file start.cif (mmCIF, C-alpha atoms)
data_input
#
loop_
_atom_site.label_atom_id
_atom_site.label_comp_id
_atom_site.auth_asym_id
_atom_site.auth_seq_id
_atom_site.Cartn_x
_atom_site.Cartn_y
_atom_site.Cartn_z
CA MET A 25 178.16 108.86 90.05
CA SER A 26 174.44 108.43 89.35
CA SER A 27 171.20 109.77 90.71
CA ALA A 28 168.81 107.71 92.88
CA ALA A 29 165.76 107.76 95.07
CA ARG A 30 166.18 109.97 98.10
CA LEU A 31 167.47 107.39 100.53
CA SER A 32 170.19 108.63 102.86
CA GLU A 33 173.10 106.40 103.79
CA PRO A 34 171.76 105.77 107.32
CA GLN A 35 168.40 104.75 105.86
CA VAL A 36 170.03 102.38 103.37
CA LEU A 37 172.08 100.86 106.18
CA ALA A 38 169.08 100.47 108.50
CA HIS A 39 167.09 98.59 105.84
CA THR A 40 170.13 96.44 105.09
CA LYS A 41 170.59 95.57 108.74
CA ARG A 42 166.96 94.50 109.02
CA ARG A 43 167.45 92.20 106.02
CA LEU A 44 170.75 90.63 107.03
CA PHE A 45 170.32 90.70 110.81
CA PRO A 46 166.60 90.44 111.60
CA SER A 47 165.91 91.08 115.26
CA ASP A 48 162.97 88.68 115.48
CA GLU A 49 164.93 85.56 114.57
CA ASP A 50 166.85 83.25 116.87
CA ASP A 51 168.72 81.01 114.49
CA GLY A 52 172.15 80.76 116.06
CA PRO A 53 175.03 83.01 117.10
CA SER A 54 174.52 86.57 115.91
CA TYR A 55 175.87 90.01 116.77
CA VAL A 56 176.17 93.22 114.76
CA VAL A 57 177.30 96.82 115.32
CA SER A 58 177.10 99.97 113.21
CA ASP A 59 179.95 102.42 112.92
CA THR A 60 179.96 105.31 115.39
CA GLN A 61 179.56 107.87 112.59
CA PHE A 62 175.89 106.84 112.38
CA SER A 63 175.22 107.77 115.99
CA LYS A 64 175.16 111.49 115.22
CA ALA A 65 171.87 113.37 115.09
CA GLU A 66 172.49 114.94 111.65
CA TRP A 67 173.97 113.00 108.75
CA LEU A 68 174.25 115.86 106.24
CA PRO A 69 173.62 119.57 106.88
CA GLY A 70 169.89 119.96 107.23
CA ARG A 71 169.35 116.16 106.99
CA PRO A 72 168.70 114.82 110.53
CA VAL A 73 168.84 111.11 111.20
CA GLU A 74 165.45 109.90 112.34
CA PRO A 75 165.47 108.47 115.89
CA ALA A 76 163.84 105.29 114.56
CA VAL A 77 166.75 104.79 112.15
CA ARG A 78 169.31 105.24 114.93
CA ASP A 79 167.39 102.77 117.08
CA VAL A 80 167.66 100.19 114.30
CA LEU A 81 171.37 100.82 113.81
CA ALA A 82 172.33 100.63 117.51
CA PRO A 83 174.60 99.47 119.07
CA PHE A 84 177.52 101.49 117.73
CA ASN A 85 181.25 100.81 117.77
CA HIS A 86 184.27 101.76 115.65
CA VAL A 87 185.48 98.39 114.35
CA GLN A 88 188.50 98.09 112.07
CA ILE A 89 188.18 95.34 109.46
CA GLY A 90 190.59 95.20 106.54
CA GLY A 91 191.93 98.64 105.74
CA GLY A 92 189.10 100.65 107.27
CA TYR A 93 185.92 100.81 109.32
CA PRO A 94 182.85 99.15 107.76
CA ASP A 95 179.49 100.86 108.07
CA LEU A 96 178.07 97.65 109.51
CA VAL A 97 179.92 94.55 110.70
CA GLY A 98 178.58 91.46 112.36
CA VAL A 99 178.53 87.69 112.71
CA ARG A 100 175.64 85.53 111.55
CA ALA A 101 174.88 82.42 109.51
CA LEU A 102 173.12 83.95 106.49
CA GLU A 103 170.48 82.30 104.32
CA SER A 104 171.48 80.59 101.07
CA ASP A 105 170.04 83.38 98.93
CA LEU A 106 172.58 85.78 100.46
CA LEU A 107 175.74 83.64 100.24
CA ALA A 108 177.16 81.32 97.63
CA VAL A 109 178.34 79.10 100.51
CA GLU A 110 176.12 78.91 103.58
CA ARG A 111 178.85 78.48 106.18
CA LEU A 112 182.60 78.48 106.70
CA GLY A 113 183.67 75.61 108.91
CA ASP A 114 181.83 75.47 112.23
CA GLU A 115 181.60 79.23 112.73
CA PRO A 116 179.18 81.71 111.18
CA PRO A 117 180.88 84.17 108.82
CA LEU A 118 182.10 87.62 109.72
CA ILE A 119 180.19 90.01 107.46
CA ALA A 120 181.11 93.59 106.50
CA ILE A 121 178.73 96.01 104.78
CA GLU A 122 179.44 99.32 103.09
CA ALA A 123 176.47 101.53 102.27
CA LYS A 124 176.01 104.60 100.09
CA GLY A 125 173.03 106.92 99.96
CA GLU A 126 171.79 109.87 97.98
CA THR A 127 173.81 113.09 98.20
CA SER A 128 173.85 116.28 96.14
CA GLY A 129 176.38 114.58 93.87
CA GLY A 130 174.44 111.35 93.48
CA VAL A 131 175.49 107.95 94.79
CA ASP A 132 179.14 106.94 94.62
CA THR A 133 178.53 103.26 93.91
CA GLN A 134 181.99 102.33 92.67
CA LEU A 135 183.67 103.76 95.76
CA GLY A 136 181.34 101.72 97.96
CA ILE A 137 182.12 98.52 96.07
CA VAL A 138 185.87 99.10 96.34
CA GLN A 139 185.53 99.85 100.06
CA ALA A 140 183.59 96.62 100.57
CA TYR A 141 186.26 94.70 98.67
CA ASP A 142 188.92 96.10 101.00
CA ARG A 143 187.10 94.53 103.98
CA LEU A 144 187.65 91.07 102.49
CA HIS A 145 191.20 91.16 103.84
CA GLU A 146 189.63 90.10 107.16
CA ALA A 147 185.89 89.55 106.64
CA ASN A 148 184.46 86.29 105.31
CA ALA A 149 181.88 88.10 103.18
CA ALA A 150 181.40 91.72 102.09
CA TYR A 151 178.40 93.57 100.71
CA PHE A 152 177.71 96.92 99.11
CA ALA A 153 174.24 98.39 99.68
CA ALA A 154 172.72 101.39 97.90
CA PRO A 155 169.42 102.70 96.50
CA ILE A 156 168.48 100.17 93.85
CA ALA A 157 167.95 102.82 91.16
CA ALA A 158 171.59 103.89 91.50
CA ILE A 159 173.08 100.46 90.82
CA THR A 160 174.09 99.87 87.20
CA GLU A 161 175.12 96.78 85.29
CA THR A 162 178.67 98.13 85.33
CA ASP A 163 178.51 98.24 89.15
CA ARG A 164 177.29 94.67 89.29
CA THR A 165 180.04 93.48 86.95
CA LEU A 166 182.69 95.18 89.08
CA ALA A 167 181.22 93.65 92.24
CA ARG A 168 181.20 90.14 90.72
CA GLU A 169 184.85 90.50 89.71
CA LEU A 170 185.75 91.58 93.27
CA ASN A 171 183.53 89.00 95.03
CA VAL A 172 181.38 91.68 96.65
CA GLY A 173 177.67 91.13 97.24
CA VAL A 174 175.28 93.85 96.04
CA LEU A 175 172.06 94.80 97.81
CA GLY A 176 169.57 97.19 96.27
CA VAL A 177 167.22 99.10 98.58
CA ASP A 178 164.00 100.65 97.29
CA GLY A 179 161.95 103.51 98.70
CA ALA A 180 159.71 101.15 100.66
CA GLY A 181 162.71 99.61 102.42
CA GLU A 182 162.69 96.32 100.51
CA VAL A 183 166.14 94.88 99.91
CA ALA A 184 166.88 92.97 96.70
CA VAL A 185 169.88 90.66 96.48
CA LEU A 186 171.48 91.60 93.15
CA GLU A 187 174.85 89.87 93.51
CA VAL A 188 175.74 87.04 95.88
CA PRO A 189 179.31 86.84 97.26
CA ARG A 190 181.32 83.72 97.98
CA VAL A 191 182.46 83.06 101.52
CA VAL A 192 186.22 83.28 101.92
CA GLY A 193 188.55 82.34 104.75
CA ASN A 194 190.65 85.03 106.32
CA ARG A 195 192.94 85.78 109.22
CA THR A 196 191.23 87.08 112.32
CA SER A 197 192.08 90.46 113.82
CA SER A 198 191.47 91.35 117.46
CA ASP A 199 188.45 93.42 116.39
CA ALA A 200 186.97 90.49 114.52
CA THR A 201 187.65 88.24 117.52
CA ALA A 202 185.73 90.66 119.74
CA LEU A 203 182.66 90.45 117.53
CA ARG A 204 182.86 86.67 117.36
CA PHE A 205 183.09 86.67 121.17
CA GLN A 206 179.91 88.73 121.41
CA ALA A 207 178.09 86.54 118.90
CA GLY A 208 179.07 83.31 120.62
CA ALA A 209 177.69 81.59 123.69
CA GLN A 210 180.07 83.48 125.97
CA GLY A 211 179.39 87.03 124.80
CA VAL A 212 178.08 89.66 127.16
CA ALA A 213 175.92 91.60 124.71
CA ASP A 214 172.46 90.57 125.88
CA ALA A 215 172.84 88.37 128.95
CA SER A 216 175.62 86.55 130.70
CA PHE A 217 176.56 86.40 134.36
CA SER A 218 173.85 87.40 136.81
CA LEU A 219 175.33 85.64 139.86
CA ASN A 220 178.59 86.79 141.40
CA HIS A 221 179.94 83.60 143.01
CA PRO A 222 181.68 80.91 140.93
CA LYS A 223 180.39 78.06 143.10
CA ASN A 224 176.90 78.75 141.72
CA TYR A 225 178.15 77.77 138.27
CA LEU A 226 180.40 74.88 139.36
CA GLY A 227 177.41 73.28 141.02
CA TYR A 228 175.39 73.10 137.82
CA PRO A 229 177.31 70.29 136.04
CA LEU A 230 177.37 68.36 139.35
CA ALA A 231 173.60 68.62 139.81
CA HIS A 232 173.11 67.75 136.14
CA THR A 233 175.17 64.57 136.60
CA ALA A 234 173.61 63.52 139.93
CA ALA A 235 170.52 61.34 140.05
CA GLY A 236 167.42 63.49 140.13
CA ASP A 237 166.07 66.74 138.74
CA THR A 238 168.84 69.30 138.26
CA ASP A 239 166.84 72.30 139.45
CA THR A 240 165.56 70.47 142.52
CA LEU A 241 169.03 69.27 143.49
CA LEU A 242 170.51 72.77 143.19
CA SER A 243 167.90 74.03 145.61
CA GLU A 244 167.93 71.04 148.00
CA TYR A 245 171.71 71.12 148.39
CA GLU A 246 171.53 74.90 148.85
CA VAL A 247 173.88 75.49 145.93
CA VAL A 248 171.71 78.24 144.47
CA ASN A 249 168.01 79.06 144.22
CA ALA A 250 168.35 81.07 141.00
CA VAL A 251 168.70 77.93 138.88
CA ALA A 252 167.97 79.59 135.51
CA GLU A 253 170.74 82.11 136.16
CA ALA A 254 173.12 79.34 137.24
CA ARG A 255 172.39 77.44 134.02
CA ARG A 256 173.00 80.53 131.90
CA GLY A 257 176.26 81.31 133.72
CA ALA A 258 177.45 77.72 133.38
CA THR A 259 176.89 78.10 129.65
CA PHE A 260 178.87 81.34 129.52
CA LEU A 261 181.75 79.74 131.41
CA GLY A 262 181.79 76.86 128.93
CA LEU A 263 180.76 74.19 131.44
CA ILE A 264 177.65 73.11 129.55
CA GLU A 265 176.10 73.39 126.10
CA ASP A 266 172.54 74.55 126.51
CA GLY A 267 170.46 73.53 123.52
CA VAL A 268 167.43 71.26 123.19
CA SER A 269 168.98 69.43 126.14
CA VAL A 270 171.90 70.23 128.42
CA GLU A 271 175.19 68.52 127.62
CA LEU A 272 178.42 68.77 129.60
CA THR A 273 181.40 70.20 127.76
CA SER A 274 184.86 68.73 128.27
CA LEU A 275 185.45 71.45 130.88
CA GLY A 276 182.21 70.54 132.64
CA GLN A 277 183.20 66.87 132.60
CA GLU A 278 186.49 67.81 134.24
CA VAL A 279 184.58 69.53 137.06
CA VAL A 280 182.66 66.29 137.61
CA ARG A 281 185.88 64.25 137.61
CA PHE A 282 187.38 66.60 140.19
CA ALA A 283 184.31 66.27 142.38
CA LYS A 284 184.35 62.45 142.25
CA ALA A 285 188.08 62.27 142.93
CA ARG A 286 187.80 64.63 145.89
CA CYS A 287 184.49 63.53 147.42
CA GLY A 288 183.73 60.09 146.01
CA SER A 289 180.49 61.11 144.30
CA VAL A 290 178.81 64.19 142.87
CA GLU A 291 176.18 63.99 145.62
CA ALA A 292 178.88 64.13 148.30
CA ALA A 293 180.45 67.06 146.47
CA LEU A 294 177.12 68.89 146.39
CA SER A 295 176.87 68.41 150.16
CA GLU A 296 180.06 70.45 150.53
CA PHE A 297 178.39 73.32 148.70
CA GLU A 298 175.92 73.73 151.58
CA ASP A 299 178.75 75.09 153.73
CA TRP A 300 179.26 78.00 151.31
CA TYR A 301 175.64 79.05 150.90
CA ARG A 302 175.39 82.86 151.07
CA SER A 303 179.06 83.08 152.08
CA SER A 304 180.67 86.42 151.19
CA ARG A 305 184.23 85.35 152.07
CA ARG A 306 186.74 84.89 149.25
CA PHE A 307 186.05 81.43 147.81
CA VAL A 308 189.69 80.50 147.27
CA GLU A 309 190.31 81.05 151.00
CA VAL A 310 187.18 79.31 152.30
CA ALA A 311 187.58 76.29 150.00
CA PRO A 312 191.11 76.37 148.55
CA ALA A 313 190.83 73.26 146.34
CA TRP A 314 187.47 74.24 144.89
CA GLY A 315 188.65 77.82 144.59
CA GLN A 316 191.63 76.76 142.49
CA LEU A 317 189.32 74.69 140.28
CA ALA A 318 187.08 77.72 139.87
CA ARG A 319 190.15 79.78 138.99
CA ARG A 320 191.02 77.41 136.16
CA VAL A 321 187.43 77.50 134.90
CA VAL A 322 187.21 81.30 135.05
CA PHE A 323 190.55 81.61 133.26
CA GLU A 324 189.11 79.63 130.35
CA TYR A 325 186.60 82.43 129.83
CA PRO A 326 187.96 84.44 126.86
CA ALA A 327 187.81 87.84 128.55
CA THR A 328 189.79 86.73 131.59
CA GLU A 329 193.09 86.13 129.81
CA LEU A 330 192.83 89.48 128.06
CA LEU A 331 192.18 91.30 131.33
CA VAL A 332 194.97 89.55 133.22
CA THR A 333 197.46 90.11 130.41
CA GLU A 334 196.74 93.84 130.18
CA LEU A 335 196.62 94.33 133.96
CA GLN A 336 200.06 92.72 134.13
CA THR A 337 201.25 95.13 131.41
CA MET A 338 199.89 98.08 133.40
CA HIS A 339 201.62 96.77 136.52
CA ASP A 340 204.90 96.53 134.61
CA ASP A 341 204.36 100.11 133.43
CA TRP A 342 204.18 101.32 137.06
CA LEU A 343 200.40 101.43 137.37
CA PRO A 344 199.83 98.54 139.82
CA GLU A 345 196.34 99.64 140.95
CA PRO A 346 194.55 101.09 137.93
CA SER A 347 191.05 102.42 138.25
CA LEU A 348 188.27 101.16 136.01
CA VAL A 349 188.69 104.30 133.91
CA ASP A 350 192.46 103.70 133.63
CA LEU A 351 191.86 100.10 132.58
CA LEU A 352 189.27 100.95 129.95
CA GLU A 353 191.45 103.68 128.44
CA HIS A 354 194.40 101.26 128.28
CA LEU A 355 192.29 98.46 126.77
CA HIS A 356 190.77 100.82 124.23
CA THR A 357 194.23 101.79 122.98
CA LEU A 358 195.21 98.16 122.29
CA HIS A 359 191.89 96.34 121.83
CA PRO A 360 189.29 99.04 121.12
CA THR A 361 186.42 96.86 119.97
CA PHE A 362 186.84 94.33 122.76
CA ALA A 363 187.10 97.10 125.36
CA ILE A 364 183.80 98.67 124.35
CA GLU A 365 181.91 95.43 123.84
CA LEU A 366 183.06 93.99 127.17
CA PHE A 367 182.62 97.03 129.40
CA VAL A 368 180.15 99.51 127.88
CA ARG A 369 176.42 98.98 127.65
CA GLY A 370 175.08 98.68 124.12
CA ASP A 371 172.33 101.29 124.45
CA ASP A 372 172.33 103.98 121.76
CA ASP A 373 172.49 106.82 124.28
CA VAL A 374 175.29 105.18 126.29
CA ARG A 375 177.52 104.41 123.30
CA SER A 376 176.90 107.91 121.95
CA ARG A 377 177.99 109.40 125.27
CA VAL A 378 181.10 107.24 125.57
CA LEU A 379 182.32 107.33 121.95
CA THR A 380 182.85 110.19 119.55
CA GLU A 381 181.80 109.86 115.91
CA ASP A 382 185.39 108.78 115.18
CA GLY A 383 185.33 106.07 117.84
CA ALA A 384 187.46 107.91 120.42
CA LEU A 385 186.66 107.70 124.13
CA ARG A 386 185.13 110.57 126.06
CA ARG A 387 186.82 110.27 129.45
CA GLU A 388 184.20 112.30 131.29
CA ALA A 389 181.52 109.79 130.29
CA LEU A 390 183.63 106.94 131.70
CA GLU A 391 183.42 108.53 135.14
CA ASP A 392 179.70 107.67 135.32
CA GLY A 393 179.13 104.16 136.65
CA HIS A 394 175.82 103.80 134.82
CA VAL A 395 177.52 103.44 131.40
CA TYR A 396 179.13 100.13 132.35
CA HIS A 397 177.94 96.61 131.63
CA SER A 398 176.93 95.01 134.93
CA PRO A 399 177.92 91.40 134.07
CA THR A 400 181.51 92.65 133.61
CA VAL A 401 182.03 95.26 136.34
CA PHE A 402 179.94 93.43 138.95
CA GLN A 403 179.55 89.70 138.38
CA LEU A 404 182.70 88.88 136.38
CA LYS A 405 184.88 91.04 138.60
CA ALA A 406 183.39 89.40 141.70
CA MET A 407 184.29 85.97 140.32
CA LEU A 408 187.82 87.15 139.57
CA TYR A 409 187.98 88.28 143.20
CA HIS A 410 186.64 84.99 144.59
CA THR A 411 189.12 82.96 142.53
CA GLY A 412 192.08 85.02 143.77
CA ILE A 413 192.84 86.86 140.53
CA LEU A 414 191.84 90.41 141.49
CA THR A 415 192.23 92.28 144.79
CA GLU A 416 188.71 93.74 144.94
CA ARG A 417 185.21 92.42 144.26
CA GLY A 418 182.82 93.99 141.76
CA ARG A 419 180.08 96.56 142.29
CA GLU A 420 176.76 97.17 140.65
CA PRO A 421 176.77 100.10 138.19
CA ASN A 422 174.50 102.20 140.41
CA ARG A 423 177.01 101.85 143.27
CA LEU A 424 180.09 102.17 141.08
CA GLU A 425 182.62 104.99 141.37
CA PRO A 426 184.77 104.32 138.28
CA LEU A 427 187.67 106.55 139.35
CA GLU A 428 187.90 104.70 142.67
CA ASP A 429 187.08 101.18 141.45
CA VAL A 430 190.44 99.37 141.50
CA TRP A 431 191.29 96.60 139.02
CA ALA A 432 194.56 95.14 140.32
CA LEU A 433 196.10 91.69 140.16
CA ARG A 434 196.36 89.98 143.53
CA GLU A 435 199.46 88.12 142.40
CA PRO A 436 201.30 90.06 139.68
CA VAL A 437 204.28 88.33 138.12
#
call {"tool": "encode", "arguments": {"input": "start.cif", "output": "structure tokens"}}
result
Amino acid sequence: MSSAARLSEPQVLAHTKRRLFPSDEDDGPSYVVSDTQFSKAEWLPGRPVEPAVRDVLAPFNHVQIGGGYPDLVGVRALESDLLAVERLGDEPPLIAIEAKGETSGGVDTQLGIVQAYDRLHEANAAYFAAPIAAITETDRTLARELNVGVLGVDGAGEVAVLEVPRVVGNRTSSDATALRFQAGAQGVADASFSLNHPKNYLGYPLAHTAAGDTDTLLSEYEVVNAVAEARRGATFLGLIEDGVSVELTSLGQEVVRFAKARCGSVEAALSEFEDWYRSSRRFVEVAPAWGQLARRVVFEYPATELLVTELQTMHDDWLPEPSLVDLLEHLHTLHPTFAIELFVRGDDDVRSRVLTEDGALRREALEDGHVYHSPTVFQLKAMLYHTGILTERGREPNRLEPLEDVWALREPV
């Protein structure tokens, strides 16, 4: 133990998050959560957590990495001054951070370093962060031996990189997979599906391939007027890669091949889409062939397989028509991080209402439709309905009755 400047653990963690995961940069896939213990109003007796600090640390989730729950865990390609190796393969590294702050007994630096080391069983890089005055040469030597990065935070909030870790490869747990999902192009953290019919997304690679301006063609063929939303949804479904320019993925190319084989050309295929403009009927019944194609595309979306698998398990366990609350409680038991990230809004107040400080669910909060993530409970569910996977379409959170909202497979095995 050693004494240090009066920086609490939440303050140390907030400064560390700003350094490792700056909110004003858009340099590739990135997503980060703080542990639910930091959502409480008072960290130590008589030591409240400032609202500004909690705002920085949000969103919260209880994510298991290695043998415990890191204070901060996320996915991001870090700068070279933070990592000995800038990247691991084609994916940004999964990063775990353990923080320690000033207490009446000082700062337990060695415990924090050992805890960070434990996270390397599943993380690609681990850091220990503490008030810089508390970190000794002995601490830095121990961290180097264990391949743990060390970050020193001063009273002004500046973060010094004292030891740089090496990136390591590790097996991926379901919790780590959930964070990678959120950080990737198909995550639902900030924006995803805003349209609730799969034909709006199927039409995008066709209009992109056809001769002419993509946005104009989508409107002229009455595929969809909300072209920006269609482009974003096509990206989330893995039909296109949206960078400096739009490129079709292999899945998007397969949609084009299907259209040409069925209709002779992408323009002729787009003409078919006019018949479905503003149609509310189930897509797989109105246009069976296109509906089956949409079903294959939607099933490629990472969340779909998880949902179908667990709904089948619930059916086998004699719960054939679970409510949204039933489903979320079941998912949280088996895939807690994925359940929260997929269904629950990331706002500080929402996560604090839904999760206890230990990461357990508060059932009464789940009965309020406003806590749910609209792209999942409305748009994604509607697409699962249109493609014949679920029995009921989705609803907007303000119209949602979670105890009555049924998530059931239309064709259980």
call {"tool": "resolve_selection", "arguments": {"input": "start.cif", "expression": "the PyMOL selection byres ((chain A and resi 391) around 12)", "output": "list in words"}}
result
Ser347, Leu348, Val349, Asp350, Leu352, Glu353, Arg377, Val378, Leu385, Arg386, Arg387, Glu388, Ala389, Leu390, Asp392, Gly393, His394, Val395, Tyr396, Pro421, Leu424, Glu425, Pro426, Leu427, Glu428 and Asp429 of chain A
call {"tool": "resolve_selection", "arguments": {"input": "start.cif", "expression": "the PyMOL selection byres ((chain A and resi 45) around 9)", "output": "NGL selection string"}}
result
:A and (40-44 or 46-49 or 54-56 or 98-100 or 102)
call {"tool": "write_last_selection", "arguments": {"input": "start.cif", "atoms": "C-alpha atoms", "output": "PDB file, keeping the file's coordinate frame"}}
result
ATOM      1  CA  THR A  40     170.130  96.440 105.090  1.00  0.00           C
ATOM      2  CA  LYS A  41     170.590  95.570 108.740  1.00  0.00           C
ATOM      3  CA  ARG A  42     166.960  94.500 109.020  1.00  0.00           C
ATOM      4  CA  ARG A  43     167.450  92.200 106.020  1.00  0.00           C
ATOM      5  CA  LEU A  44     170.750  90.630 107.030  1.00  0.00           C
ATOM      6  CA  PRO A  46     166.600  90.440 111.600  1.00  0.00           C
ATOM      7  CA  SER A  47     165.910  91.080 115.260  1.00  0.00           C
ATOM      8  CA  ASP A  48     162.970  88.680 115.480  1.00  0.00           C
ATOM      9  CA  GLU A  49     164.930  85.560 114.570  1.00  0.00           C
ATOM     10  CA  SER A  54     174.520  86.570 115.910  1.00  0.00           C
ATOM     11  CA  TYR A  55     175.870  90.010 116.770  1.00  0.00           C
ATOM     12  CA  VAL A  56     176.170  93.220 114.760  1.00  0.00           C
ATOM     13  CA  GLY A  98     178.580  91.460 112.360  1.00  0.00           C
ATOM     14  CA  VAL A  99     178.530  87.690 112.710  1.00  0.00           C
ATOM     15  CA  ARG A 100     175.640  85.530 111.550  1.00  0.00           C
ATOM     16  CA  LEU A 102     173.120  83.950 106.490  1.00  0.00           C
TER      17      LEU A 102
END
call {"tool": "resolve_selection", "arguments": {"input": "start.cif", "expression": "the PyMOL selection byres ((chain A and resi 397) around 9)", "output": "PyMOL selection string"}}
result
chain A and resi 212-213+365-370+394-396+398-402+421
call {"tool": "residues_around", "arguments": {"input": "start.cif", "residues": "A:Leu107", "least_positions_apart": "4", "cutoff": "9 Å", "atoms": "all atoms listed in the file", "output": "compact mmCIF listing (two decimals) with C-alpha atoms, in the coordinates of the input"}}
result
# COMPACT_ATOMS: atom_id res chain seq x y z
CA LEU A 102 173.12 83.95 106.49
CA GLU A 103 170.48 82.30 104.32
CA ARG A 111 178.85 78.48 106.18
CA ALA A 149 181.88 88.10 103.18
CA GLY A 173 177.67 91.13 97.24
CA VAL A 188 175.74 87.04 95.88
CA PRO A 189 179.31 86.84 97.26
CA ARG A 190 181.32 83.72 97.98
CA VAL A 191 182.46 83.06 101.52
call {"tool": "atom_distance", "arguments": {"input": "start.cif", "atom1": "atom CA of A:Ala283", "atom2": "atom CA of A:Tyr225"}}
result
13.7 Å
call {"tool": "atom_distance", "arguments": {"input": "start.cif", "atom1": "atom CA of A:Val308", "atom2": "atom CA of A:Ser243"}}
result
22.8 Å
call {"tool": "atom_distance", "arguments": {"input": "start.cif", "atom1": "atom CA of A:Val437", "atom2": "atom CA of A:Ala327"}}
result
19.1 Å
call {"tool": "closest_residue", "arguments": {"input": "start.cif", "among": "A:Leu230, A:Thr160, A:Leu37, A:Thr238", "to": "A:Ser289", "atoms": "only C-alpha atoms"}}
result
A:Leu230
call {"tool": "closest_residue", "arguments": {"input": "start.cif", "among": "A:Ala293, A:Leu408, A:Ile364, A:Ala258", "to": "A:Glu329", "atoms": "all atoms listed in the file"}}
result
A:Leu408
call {"tool": "closest_residue", "arguments": {"input": "start.cif", "among": "A:Glu291, A:Leu186, A:Glu161, A:Val251", "to": "A:Gly236", "atoms": "all atoms listed in the file"}}
result
A:Glu291
call {"tool": "axis_aligned_box", "arguments": {"input": "start.cif", "around": "stretch 65-82 of chain A", "padding_each_side": "4 Å", "output": "lines of an AutoDock Vina configuration file"}}
result
center_x = 169.0
center_y = 110.1
center_z = 111.9
size_x = 18.4
size_y = 27.8
size_z = 19.3
call {"tool": "residues_around", "arguments": {"input": "start.cif", "residues": "A:Leu263", "least_positions_apart": "4", "cutoff": "8 Å", "atoms": "all atoms listed in the file", "output": "list in words"}}
result
Leu226, Pro229, Ala258, Thr259, Leu272, Thr273, Ser274, Leu275, Gly276 and Gln277 of chain A
call {"tool": "write_last_selection", "arguments": {"input": "start.cif", "atoms": "C-alpha atoms", "output": "mmCIF file, in the coordinates of the input"}}
result
data_model
loop_
_atom_site.group_PDB
_atom_site.id
_atom_site.type_symbol
_atom_site.label_atom_id
_atom_site.label_comp_id
_atom_site.auth_asym_id
_atom_site.auth_seq_id
_atom_site.Cartn_x
_atom_site.Cartn_y
_atom_site.Cartn_z
ATOM 1 C CA LEU A 226 180.400 74.880 139.360
ATOM 2 C CA PRO A 229 177.310 70.290 136.040
ATOM 3 C CA ALA A 258 177.450 77.720 133.380
ATOM 4 C CA THR A 259 176.890 78.100 129.650
ATOM 5 C CA LEU A 272 178.420 68.770 129.600
ATOM 6 C CA THR A 273 181.400 70.200 127.760
ATOM 7 C CA SER A 274 184.860 68.730 128.270
ATOM 8 C CA LEU A 275 185.450 71.450 130.880
ATOM 9 C CA GLY A 276 182.210 70.540 132.640
ATOM 10 C CA GLN A 277 183.200 66.870 132.600
#
call {"tool": "residues_near_point", "arguments": {"input": "start.cif", "point": "(183.2, 94.7, 103.4)", "cutoff": "6 Å", "atoms": "only C-alpha atoms", "output": "list in words"}}
result
Ala120, Ile121, Glu122, Ala140, Tyr141, Arg143, Leu144, Ala150 and Tyr151 of chain A
call {"tool": "build_atoms", "arguments": {"input": "start.cif", "residues": "stretch 223-230 of chain A", "atoms": "N, CA, C and O atoms", "output": "PDB file, in the frame of the given file"}}
result
ATOM      1  N   LYS A 223     180.906  79.364 142.671  1.00  0.00           N
ATOM      2  CA  LYS A 223     180.390  78.060 143.100  1.00  0.00           C
ATOM      3  C   LYS A 223     178.980  77.825 142.560  1.00  0.00           C
ATOM      4  O   LYS A 223     178.559  76.673 142.381  1.00  0.00           O
ATOM      5  N   ASN A 224     178.245  78.904 142.275  1.00  0.00           N
ATOM      6  CA  ASN A 224     176.900  78.750 141.720  1.00  0.00           C
ATOM      7  C   ASN A 224     176.931  78.101 140.338  1.00  0.00           C
ATOM      8  O   ASN A 224     175.991  77.413 139.943  1.00  0.00           O
ATOM      9  N   TYR A 225     178.013  78.330 139.612  1.00  0.00           N
ATOM     10  CA  TYR A 225     178.150  77.770 138.270  1.00  0.00           C
ATOM     11  C   TYR A 225     178.827  76.402 138.301  1.00  0.00           C
ATOM     12  O   TYR A 225     178.474  75.520 137.512  1.00  0.00           O
ATOM     13  N   LEU A 226     179.771  76.203 139.225  1.00  0.00           N
ATOM     14  CA  LEU A 226     180.400  74.880 139.360  1.00  0.00           C
ATOM     15  C   LEU A 226     179.374  73.834 139.752  1.00  0.00           C
ATOM     16  O   LEU A 226     179.473  72.667 139.360  1.00  0.00           O
ATOM     17  N   GLY A 227     178.392  74.247 140.547  1.00  0.00           N
ATOM     18  CA  GLY A 227     177.410  73.280 141.020  1.00  0.00           C
ATOM     19  C   GLY A 227     176.495  72.763 139.936  1.00  0.00           C
ATOM     20  O   GLY A 227     175.912  71.674 140.083  1.00  0.00           O
ATOM     21  N   TYR A 228     176.365  73.512 138.840  1.00  0.00           N
ATOM     22  CA  TYR A 228     175.390  73.100 137.820  1.00  0.00           C
ATOM     23  C   TYR A 228     175.769  71.773 137.151  1.00  0.00           C
ATOM     24  O   TYR A 228     174.921  70.870 137.065  1.00  0.00           O
ATOM     25  N   PRO A 229     177.000  71.592 136.649  1.00  0.00           N
ATOM     26  CA  PRO A 229     177.310  70.290 136.040  1.00  0.00           C
ATOM     27  C   PRO A 229     177.245  69.137 137.046  1.00  0.00           C
ATOM     28  O   PRO A 229     176.946  68.000 136.657  1.00  0.00           O
ATOM     29  N   LEU A 230     177.482  69.416 138.335  1.00  0.00           N
ATOM     30  CA  LEU A 230     177.370  68.360 139.350  1.00  0.00           C
ATOM     31  C   LEU A 230     175.913  67.948 139.521  1.00  0.00           C
ATOM     32  O   LEU A 230     175.592  66.756 139.551  1.00  0.00           O
TER      33      LEU A 230
END
